[in-house]
Structure formats: structure tokens, C-alpha cells
Amino acid sequence: MKFAVIVFPGSNCDMDMLWAIKDVMGAEAEYVRHDVSSLAGFDGVLLPGGFSYGDYLRCGAIARFSPIMTEVKRFAEEGKPVFGTCNGFQVLTEAGLLPGALIRNKSLHFICKTTALKVNNQTKFTSEYEADEVIHVPVAHGEGNYICDEKTLEQLKANNQIVFTYEEDVNGSLENIAGICNEAGNVVGMMPHPERAMESLLGSTDGRRFFASILKNFGKVSVK
């Protein structure tokens with residue numbers, strides 16, 4: 001598989017993402033700028049963390065209008081894997097590719113620490129984990145408080161779209177939701193950073209099986 005790591009003005013975790021998928025996992029990957037209008041030759045899209053466009057207006061609200069997002073939406077509609085972490089998660093919600101929104105942390109402070117997550121392994125992005133396994137992945141965000149209306153929450157539960165939940169109240173997120181997927185299961189957004197949990201030296205290798213799941217379950221996607 002070949003992945004496009006999207007780079008917006010203000011992205012600062014793009015190097016982490018490329019390193020994780022390319023250097024650690026051994027997949028092909030390249031940076032793709034926000035102003036590019038084609039993803040020809042790529043099989044998957046990775047939206048990294050950071051502060052796209054300085055987080056003006058709302059986090060991800062300006063990035064959703066970048067030319068590359070038309071292609072990202074096409075990828076999602078075609079069933080190809082699209083993953084966004086932190087600011088990438090915010091971009092996906094602003095673009096309407098995932099339901100709900102991310103607002104200021106309940107504490108109103110930036111949070112940077114390792115967190116415990118319970119995994120729903122019944123998705124294509126988490127199949128390499130054990131059922132209800134608790135993993136440890138770092139977070140680094142100021143607006144990671146996930147919210148949605150009651151109807152959306154019911155749909156997320158009914159369709160098995162809640163992928164990760166915090167083991168404790170980290171930022172005020174509704175029912176401790178840390179990550180979700182779309183109904184089709186090919187678009188995932190999460191606040192924690194699995195790309196920063198790839199080496200024991202960094203405190204955890206629990207992120208490896210996240211990317212391994214993607215490679216295993218989407219590995220037969222053909223290149224256009």
C-alpha cells in the first residue's frame with residue numbers, strides 16, 4: 001500500500017506519521033500538500049496532528065476547504081482507508097466525514113500525557129488488538145472534547161462506530177469517546193496519537209497494531 005500523509009499549513013505531526021507508517025511499518029508513503037488536487041497512485045490517506053491554518057475559526061474549519069479535501073472525500077466514498085489523528089480528527093468532523101465535533105477540553109488547558117484506551121477490535125483499524133484490550137497512547141491537545149447530539153450517539157452505538165474510549169475522563173468527551181469511525185468503517189478519527197506509540201523508547205509500542213490492522217485489512221486496495 002502507498003499512503004498520502006497530508007500536510008496543511010501548521011501541521012506539525014506529519015513527520016511522526018510518515019515515520020510510523022514508512023520507517024516502522026515498512027509501507028510506502030509520501031507527503032502530499034494541502035493545495036494538491038489529486039491523490040492518483042495512493043491507496044490510503046493519513047491526516048496528521050498539528051494546528052492547521054493556526055486553528056483560526058475552529059480547529060480544522062479552514063483545512064476542510066483545502067483542494068486536497070475533495071480527493072480525500074472521494075477516497076472515503078470509494079471505501080479506501082482514511083485516518084485522522086488529533087487535528088486530523090478535527091478536520092474529518094469539520095469536513096462531514098465523521099459525525100460530531102471537537103471542542104475545548106473541559107479543563108480549558110492543553111493536555112499532554114499518556115492515556116489508557118479501551119479498544120473496540122471489531123473494526124478494520126483495530127482487528128490486531130484483543131477484545132476490550134487496554135492500550136497506552138499519548139494525547140496532546142487543547143480541543144479534544146468530543147461532543148454530538150443524542151441521536152448521533154445512539155447511532156454510533158448501534159452501528160458499532162465507537163472505536164476507542166478513554167479509561168478515565170481525560171478531556172470531558174461524551175462517554176469518554178476517544179475515537180470513532182464512519183458507518184462504512186473505512187474512515188477513523190481519534191484524538192490520541194498512535195504514531196507516537198511505535199517504540200519502547202517512546203513509552204509504548206501499542207500504536208503498531210493500529211497500523212498493522214490497516215495494512216492487513218486494506219492491503220488489497222488497488223492503486224489508481
# chains A, B, ... in the order shown; residues from 1 in each chain; ligands from 1
$ select_by_dssp --residues "range 47-146 of chain A" --states "strand (DSSP E)" --output "VMD selection string"
chain A and resid 47 82 to 85 101 to 103 111 to 119 134 to 141 145 to 146
$ closest_atom_pairs --of "range 6-113 of chain A" --to "range 129-147 of chain A" --cutoff "6 Å" --atoms "only C-alpha atoms" --output "Markdown table"
| residue | atom | partner | partner_atom | distance |
| --- | --- | --- | --- | --- |
| A:Gly100 | CA | A:Ile147 | CA | 5.7 |
| A:Ala101 | CA | A:Ile147 | CA | 5.5 |
| A:Leu102 | CA | A:Tyr146 | CA | 4.6 |
| A:Ile103 | CA | A:Glu143 | CA | 4.9 |
| A:Arg104 | CA | A:Glu143 | CA | 4.0 |
| A:Asn105 | CA | A:Asn145 | CA | 5.1 |
| A:Phe110 | CA | A:Gly142 | CA | 4.2 |
| A:Ile111 | CA | A:Ala140 | CA | 5.4 |
| A:Cys112 | CA | A:Ala140 | CA | 4.2 |
| A:Lys113 | CA | A:Pro138 | CA | 5.4 |
$ closest_residue --among "A:Leu98, A:Val82, A:Leu92, A:Cys148" --to "Asn186 in chain A" --atoms "only C-alpha atoms"
A:Val82
$ residues_around --residues "Ile162 in chain A" --least-positions-apart "2" --cutoff "6 Å" --atoms "only C-alpha atoms" --output "list in words"
Asn160, Phe164 and Ile180 of chain A
$ residues_around --residues "Gly44 in chain A" --least-positions-apart "6" --cutoff "8 Å" --atoms "only C-alpha atoms" --output "number ranges by chain"
A: 1-4, 75, 80-82
$ select_by_dssp --residues "range 20-192 of chain A" --states "alpha helix (DSSP H)" --output "list of chain:residue names"
A:Ile68, A:Met69, A:Thr70, A:Glu71, A:Val72, A:Lys73, A:Arg74, A:Phe75, A:Ala76, A:Glu77, A:Asn87, A:Gly88, A:Phe89, A:Gln90, A:Val91, A:Leu92, A:Thr93, A:Glu94, A:Glu150, A:Lys151, A:Thr152, A:Leu153, A:Glu154, A:Gln155, A:Leu156, A:Lys157, A:Ala158
$ write_last_selection --atoms "N, CA and C atoms" --output "compact mmCIF listing (two decimals), in the first residue's frame"
# COMPACT_ATOMS: atom_id res chain seq x y z
N ILE A 68 -7.09 19.53 -1.52
CA ILE A 68 -6.89 18.09 -1.35
C ILE A 68 -8.08 17.40 -0.71
N MET A 69 -8.90 18.15 0.04
CA MET A 69 -10.01 17.51 0.75
C MET A 69 -11.09 16.97 -0.18
N THR A 70 -11.21 17.53 -1.39
CA THR A 70 -12.14 16.96 -2.37
C THR A 70 -11.74 15.54 -2.70
N GLU A 71 -10.43 15.32 -2.84
CA GLU A 71 -9.91 13.99 -3.12
C GLU A 71 -10.04 13.07 -1.91
N VAL A 72 -9.82 13.62 -0.71
CA VAL A 72 -9.97 12.81 0.50
C VAL A 72 -11.41 12.32 0.61
N LYS A 73 -12.36 13.18 0.30
CA LYS A 73 -13.77 12.78 0.34
C LYS A 73 -14.05 11.69 -0.68
N ARG A 74 -13.45 11.81 -1.86
CA ARG A 74 -13.63 10.78 -2.88
C ARG A 74 -13.07 9.45 -2.39
N PHE A 75 -11.90 9.49 -1.77
CA PHE A 75 -11.30 8.28 -1.22
C PHE A 75 -12.25 7.62 -0.23
N ALA A 76 -12.81 8.43 0.65
CA ALA A 76 -13.73 7.91 1.66
C ALA A 76 -14.95 7.27 1.02
N GLU A 77 -15.50 7.93 0.02
CA GLU A 77 -16.69 7.41 -0.66
C GLU A 77 -16.40 6.11 -1.39
N ASN A 87 -5.56 16.87 15.22
CA ASN A 87 -6.09 17.86 14.28
C ASN A 87 -6.70 17.19 13.05
N GLY A 88 -6.16 16.03 12.67
CA GLY A 88 -6.74 15.29 11.56
C GLY A 88 -8.16 14.83 11.87
N PHE A 89 -8.42 14.45 13.11
CA PHE A 89 -9.76 14.09 13.56
C PHE A 89 -10.68 15.30 13.45
N GLN A 90 -10.18 16.45 13.87
CA GLN A 90 -10.97 17.68 13.80
C GLN A 90 -11.31 18.03 12.35
N VAL A 91 -10.35 17.84 11.46
CA VAL A 91 -10.59 18.11 10.04
C VAL A 91 -11.68 17.19 9.50
N LEU A 92 -11.64 15.92 9.88
CA LEU A 92 -12.62 14.95 9.39
C LEU A 92 -14.03 15.28 9.86
N THR A 93 -14.17 15.77 11.09
CA THR A 93 -15.51 16.16 11.56
C THR A 93 -15.97 17.43 10.87
N GLU A 94 -15.07 18.39 10.69
CA GLU A 94 -15.44 19.63 10.01
C GLU A 94 -15.82 19.37 8.56
N GLU A 150 -27.80 13.54 20.93
CA GLU A 150 -28.24 12.23 21.44
C GLU A 150 -28.52 11.24 20.33
N LYS A 151 -29.11 11.71 19.24
CA LYS A 151 -29.42 10.81 18.12
C LYS A 151 -28.15 10.25 17.50
N THR A 152 -27.14 11.11 17.34
CA THR A 152 -25.87 10.66 16.78
C THR A 152 -25.20 9.65 17.69
N LEU A 153 -25.24 9.90 19.00
CA LEU A 153 -24.64 8.97 19.96
C LEU A 153 -25.32 7.61 19.87
N GLU A 154 -26.63 7.59 19.75
CA GLU A 154 -27.36 6.33 19.62
C GLU A 154 -26.93 5.60 18.35
N GLN A 155 -26.73 6.35 17.27
CA GLN A 155 -26.31 5.74 16.01
C GLN A 155 -24.88 5.19 16.11
N LEU A 156 -24.02 5.93 16.78
CA LEU A 156 -22.64 5.45 16.95
C LEU A 156 -22.62 4.12 17.69
N LYS A 157 -23.44 4.02 18.72
CA LYS A 157 -23.51 2.78 19.49
C LYS A 157 -24.15 1.65 18.69
N ALA A 158 -25.24 1.96 18.02
CA ALA A 158 -25.97 0.93 17.27
C ALA A 158 -25.15 0.37 16.12
$ closest_residue --among "A:Phe42, A:Pro194, A:Ala212, A:Val170" --to "Glu28 in chain A" --atoms "only C-alpha atoms"
A:Phe42
$ closest_residue --among "A:Val188, A:Leu47, A:Val32, A:Leu215" --to "Arg64 in chain A" --atoms "only C-alpha atoms"
A:Leu47
$ closest_residue --among "A:Gly54, A:Ser107, A:Ala29, A:Gly219" --to "Asp169 in chain A" --atoms "only C-alpha atoms"
A:Ser107
$ residues_around --residues "Thr126 in chain A" --least-positions-apart "5" --cutoff "6 Å" --atoms "only C-alpha atoms" --output "MDAnalysis selection string"
chainID A and resid 121 210 213
$ atom_distance --atom1 "CA of Lys106 in chain A" --atom2 "CA of Asn176 in chain A"
11.9 Å
